[in-house]
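Next comes upload-v7.cif, a file with mmCIF, C-alpha atoms and all ligand atoms.
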```
data_protein
loop_
_atom_site.label_atom_id
_atom_site.label_comp_id
_atom_site.auth_asym_id
_atom_site.auth_seq_id
_atom_site.Cartn_x
_atom_site.Cartn_y
_atom_site.Cartn_z
CA MET A 4 -3.38 -2.32 10.62
CA PRO A 5 -1.33 0.72 9.57
CA SER A 6 -3.00 3.99 8.52
CA PRO A 7 -3.62 5.15 4.92
CA LEU A 8 -0.67 7.55 5.44
CA CYS A 9 1.71 4.60 5.86
CA HIS A 10 0.32 2.82 2.79
CA GLY A 11 0.31 6.05 0.75
CA LEU A 12 3.95 6.78 1.63
CA ILE A 13 4.89 3.24 0.58
CA GLY A 14 3.10 3.87 -2.74
CA LEU A 15 5.04 7.10 -3.25
CA THR A 16 8.30 5.32 -2.42
CA ILE A 17 7.56 2.66 -5.07
CA HIS A 18 6.72 5.48 -7.50
CA SER A 19 10.09 7.14 -6.82
CA VAL A 20 12.15 3.94 -6.95
CA THR A 21 10.64 2.78 -10.24
CA ALA A 22 10.56 6.14 -12.11
CA ARG A 23 12.80 5.91 -15.17
CA THR A 24 12.55 9.48 -16.39
CA ASP A 25 12.07 12.93 -14.94
CA SER A 26 8.55 13.08 -16.35
CA ASP A 27 7.79 9.68 -14.70
CA LEU A 28 8.93 11.10 -11.37
CA ARG A 29 6.85 14.25 -11.75
CA SER A 30 3.72 12.55 -13.07
CA PRO A 31 0.80 13.01 -10.63
CA PHE A 32 -1.17 10.36 -12.59
CA ARG A 33 1.58 7.77 -12.07
CA ALA A 34 2.11 8.72 -8.39
CA GLY A 35 -1.66 8.78 -7.77
CA GLY A 36 -2.14 5.38 -9.41
CA LEU A 37 0.50 3.78 -7.21
CA VAL A 38 -0.86 5.44 -4.06
CA LEU A 39 -4.32 4.15 -5.02
CA ALA A 40 -2.96 0.60 -5.48
CA SER A 41 -1.21 0.90 -2.09
CA VAL A 42 -4.36 1.99 -0.27
CA ALA A 43 -7.06 0.10 -2.21
CA PRO A 44 -6.91 -3.24 -0.32
CA ASP A 45 -8.48 -1.38 2.63
CA PHE A 46 -11.59 -0.58 0.58
CA ASP A 47 -12.95 -3.78 2.15
CA LEU A 48 -13.56 -1.64 5.26
CA LEU A 49 -16.20 0.30 3.30
CA GLY A 50 -18.42 -2.81 3.37
CA GLY A 51 -18.78 -2.20 7.12
CA LEU A 52 -20.60 1.07 6.43
CA LEU A 53 -23.51 -0.98 5.11
CA ASP A 54 -24.07 -3.32 8.06
CA GLY A 55 -21.78 -2.02 10.84
CA ARG A 56 -19.56 -5.14 10.80
CA ILE A 57 -15.81 -4.53 10.51
CA ARG A 58 -14.30 -6.36 7.56
CA HIS A 59 -10.57 -6.16 6.99
CA GLN A 60 -7.69 -8.40 6.04
CA GLY A 61 -9.80 -10.70 3.85
CA ALA A 62 -9.30 -11.69 0.21
CA SER A 63 -8.33 -8.16 -0.88
CA HIS A 64 -5.27 -8.57 1.37
CA SER A 65 -3.72 -11.45 -0.51
CA LEU A 66 -1.22 -12.54 -3.11
CA GLY A 67 -4.06 -13.94 -5.24
CA PHE A 68 -5.89 -10.60 -5.32
CA ALA A 69 -2.65 -8.72 -6.09
CA LEU A 70 -2.13 -11.09 -9.02
CA ALA A 71 -5.70 -10.52 -10.27
CA VAL A 72 -5.27 -6.72 -10.04
CA SER A 73 -1.95 -6.94 -11.93
CA ILE A 74 -3.63 -8.93 -14.72
CA MET A 75 -6.46 -6.36 -14.97
CA VAL A 76 -3.92 -3.51 -15.11
CA LEU A 77 -1.97 -5.42 -17.78
CA PHE A 78 -5.11 -5.67 -19.96
CA TRP A 79 -5.87 -1.97 -19.36
CA ALA A 80 -2.28 -0.99 -20.20
CA PHE A 81 -2.35 -2.97 -23.46
CA TYR A 82 -5.81 -1.64 -24.34
CA THR A 83 -4.81 1.99 -23.76
CA LYS A 84 -1.46 1.40 -25.53
CA ARG A 85 0.62 2.54 -22.57
CA LYS A 86 4.39 2.23 -22.69
CA ARG A 87 5.78 -0.82 -20.84
CA PRO A 88 2.47 -2.53 -19.94
CA TRP A 89 4.18 -5.45 -18.15
CA PHE A 90 6.18 -3.05 -16.00
CA THR A 91 3.05 -1.02 -15.14
CA ALA A 92 1.21 -4.21 -14.13
CA GLY A 93 4.21 -5.39 -12.11
CA ILE A 94 4.64 -2.23 -10.04
CA THR A 95 0.88 -2.07 -9.41
CA GLY A 96 1.00 -5.63 -8.07
CA LEU A 97 4.07 -4.71 -6.01
CA ALA A 98 2.22 -1.75 -4.44
CA TRP A 99 -0.72 -4.02 -3.64
CA ILE A 100 1.40 -6.77 -2.08
CA LEU A 101 3.40 -4.25 -0.03
CA HIS A 102 0.09 -3.17 1.53
CA VAL A 103 -0.41 -6.80 2.59
CA THR A 104 3.18 -6.90 3.90
CA ALA A 105 2.72 -3.67 5.92
CA ASP A 106 -0.51 -5.05 7.43
CA TYR A 107 1.30 -8.29 8.24
CA LEU A 108 4.00 -6.28 10.05
CA ALA A 109 1.46 -4.20 12.02
CA LYS A 110 -0.20 -4.85 15.33
CA ASP A 111 -3.83 -5.86 14.83
CA THR A 112 -6.39 -5.45 17.59
CA CYS A 113 -9.49 -6.61 15.66
CA PRO A 114 -9.97 -10.28 14.85
CA PRO A 115 -9.25 -11.99 12.53
CA PHE A 116 -5.64 -10.95 13.15
CA GLY A 117 -3.42 -10.27 10.13
CA PRO A 118 -4.07 -10.51 6.39
CA GLN A 119 -5.40 -13.57 4.56
CA ALA A 120 -2.16 -13.32 2.61
CA LEU A 121 -2.26 -16.59 0.66
CA TRP A 122 -5.92 -16.48 -0.47
CA PRO A 123 -7.24 -18.34 -2.49
CA TRP A 124 -4.71 -21.11 -1.78
CA SER A 125 -5.17 -20.79 2.01
CA LEU A 126 -7.84 -19.10 4.14
CA ALA A 127 -5.42 -18.67 7.08
CA HIS A 128 -4.62 -15.21 8.48
CA PHE A 129 -0.98 -14.30 9.15
CA ALA A 130 0.31 -11.84 11.76
CA PHE A 131 3.96 -11.05 12.51
CA PRO A 132 4.74 -11.85 16.17
CA LYS A 133 6.84 -8.67 16.69
CA PRO A 134 4.89 -5.83 15.01
CA LEU A 135 6.80 -2.96 13.39
CA PHE A 136 3.76 -0.67 13.10
CA LEU A 137 1.13 0.14 15.71
CA SER A 138 -2.55 -0.60 15.28
CA ILE A 139 -5.02 2.00 14.00
CA GLY A 140 -8.12 1.80 16.18
CA ARG A 141 -11.57 1.84 14.59
CA ARG A 142 -13.63 3.28 17.47
CA PHE A 143 -14.59 6.90 17.99
CA ASP A 144 -13.33 7.74 21.51
CA TRP A 145 -10.45 9.78 22.96
CA SER A 146 -8.21 6.82 23.81
CA THR A 147 -8.48 5.63 20.17
CA VAL A 148 -7.69 9.15 18.89
CA HIS A 149 -4.59 9.19 21.13
CA GLN A 150 -3.52 5.71 20.01
CA ASN A 151 -4.03 6.60 16.33
CA ALA A 152 -2.06 9.86 16.62
CA LEU A 153 0.84 7.88 18.10
CA ALA A 154 0.58 5.20 15.39
CA VAL A 155 0.55 7.78 12.56
CA ALA A 156 3.51 9.70 14.07
CA TRP A 157 5.50 6.46 14.25
CA GLU A 158 4.65 5.54 10.64
CA ALA A 159 5.66 9.03 9.45
CA ALA A 160 8.95 8.69 11.37
CA VAL A 161 9.72 5.26 9.83
CA ILE A 162 8.50 5.59 6.22
CA GLY A 163 8.61 9.40 5.72
CA PRO A 164 12.43 9.77 5.73
CA LEU A 165 12.79 6.69 3.50
CA PHE A 166 10.43 8.21 0.91
CA VAL A 167 12.15 11.64 1.02
CA TRP A 168 15.60 10.04 0.69
CA VAL A 169 14.57 7.81 -2.24
CA TRP A 170 12.78 10.67 -4.05
CA ARG A 171 15.72 13.08 -3.70
CA LEU A 172 18.25 10.41 -4.75
CA LYS A 173 16.17 9.49 -7.81
CA ARG A 174 15.67 13.14 -8.80
CA ARG A 175 19.44 13.78 -8.58
CA ARG A 176 20.24 10.65 -10.66
CA LEU A 177 17.73 11.59 -13.36
CA GLN A 178 19.08 15.15 -13.49
CA GLU A 179 22.64 13.79 -13.85
CA GLN A 180 21.52 11.55 -16.72
CA ARG A 181 19.99 14.55 -18.50
CA SER A 182 23.10 16.74 -18.20
ZN ZN A 201 -5.16 -3.30 5.03
#
```

Re-express the file's structure as structure tokens.
Amino acid sequence: MPSPLCHGLIGLTIHSVTARTDSDLRSPFRAGGLVLASVAPDFDLLGGLLDGRIRHQGASHSLGFALAVSIMVLFWAFYTKRKRPWFTAGITGLAWILHVTADYLAKDTCPPFGPQALWPWSLAHFAFPKPLFLSIGRRFDWSTVHQNALAVAWEAAVIGPLFVWVWRLKRRRLQEQRS
């Protein structure tokens, strides 16, 4: 699985790509919401704090769960009278499903390997045969620290420049529209 940094950067990239105004782009609430949706599928790992068993890549890592989250966000957006509720629900679902996609593209060293991407329609786990991202280890020893540092550096090198490029391009376009 990739690190929270990788998922967070993907969330910020979605935020930048989908911002329609300068205030959208500079909104910490909007950026934070999309980062949260990008990272949240991994909250299943917190269950392991209770009984020591590692849980990851289950139902929260699926198209079905992304759909359920989108529907909840849609209700919330209508209830709070936000502008463009369908769009807000859609980009939240996109952030969620791109977490699943990043996990699918990452090396996984803890079984079951890969996300349960098609839950509830299928209980199968899916893992890409040629991983793009390295695995983040979940043990507390020096070799895991070394492996994780390498994995995070690689993620920053792949996703970091993409995010910076998209954000700068979007900011320039929005400034041109204003002037
Ligand atoms: Zn995950």

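For the choices A:Leu48, A:Ile94, A:Leu153, A:Leu8, the atom-to-atom distance to ligand ZN 201 (chain A) is smallest for A:Leu48 when using all atoms listed in the file.
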
query: Which residue out of A:Cys9, A:Ala69, A:Gly35, A:Gly61 has the minimum interatomic distance to Leu126 of chain A when all atoms listed in the file are used?
result: A:Gly61

message: Just want the 6 Å neighbourhood of Gln119 of chain A, counted on only C-alpha atoms, with same-chain residues fewer than 4 positions away dropped. Output as a ChimeraX atom specification.
response: /A:60-61,64-65,127-128

message: I'd like to know which of A:Phe131, A:Trp122, A:Phe81, A:Phe46 is closest to ligand ZN 201 (chain A), using all atoms listed in the file.
response: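 With all atoms listed in the file as the atom set, the closest residue is A:Phe46.
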
Give me the residues of chain A that have any atom at most 6 Å from an atom of ligand ZN 201 (chain A); for each, the nearest atom pair and the distance in Å, rounded to one decimal. Use only C-alpha atoms and all ligand atoms, sort by chain and number, and format it as a Markdown table.
```
| residue | atom | partner | partner_atom | distance |
| --- | --- | --- | --- | --- |
| A:Met4 | CA | A:ZN201 | ZN | 5.9 |
| A:Pro44 | CA | A:ZN201 | ZN | 5.6 |
| A:Asp45 | CA | A:ZN201 | ZN | 4.5 |
| A:Gln60 | CA | A:ZN201 | ZN | 5.8 |
| A:Asp106 | CA | A:ZN201 | ZN | 5.5 |
```

- request: Kindly provide, as a VMD selection string, the polymer residues lying within 12 Å of (0.2, 5.7, -3.1), counting all atoms listed in the file and using the coordinates exactly as they appear in the file.
  value: chain A and resid 7 to 19 31 to 44 94 to 95 97 to 99 101 to 102 166
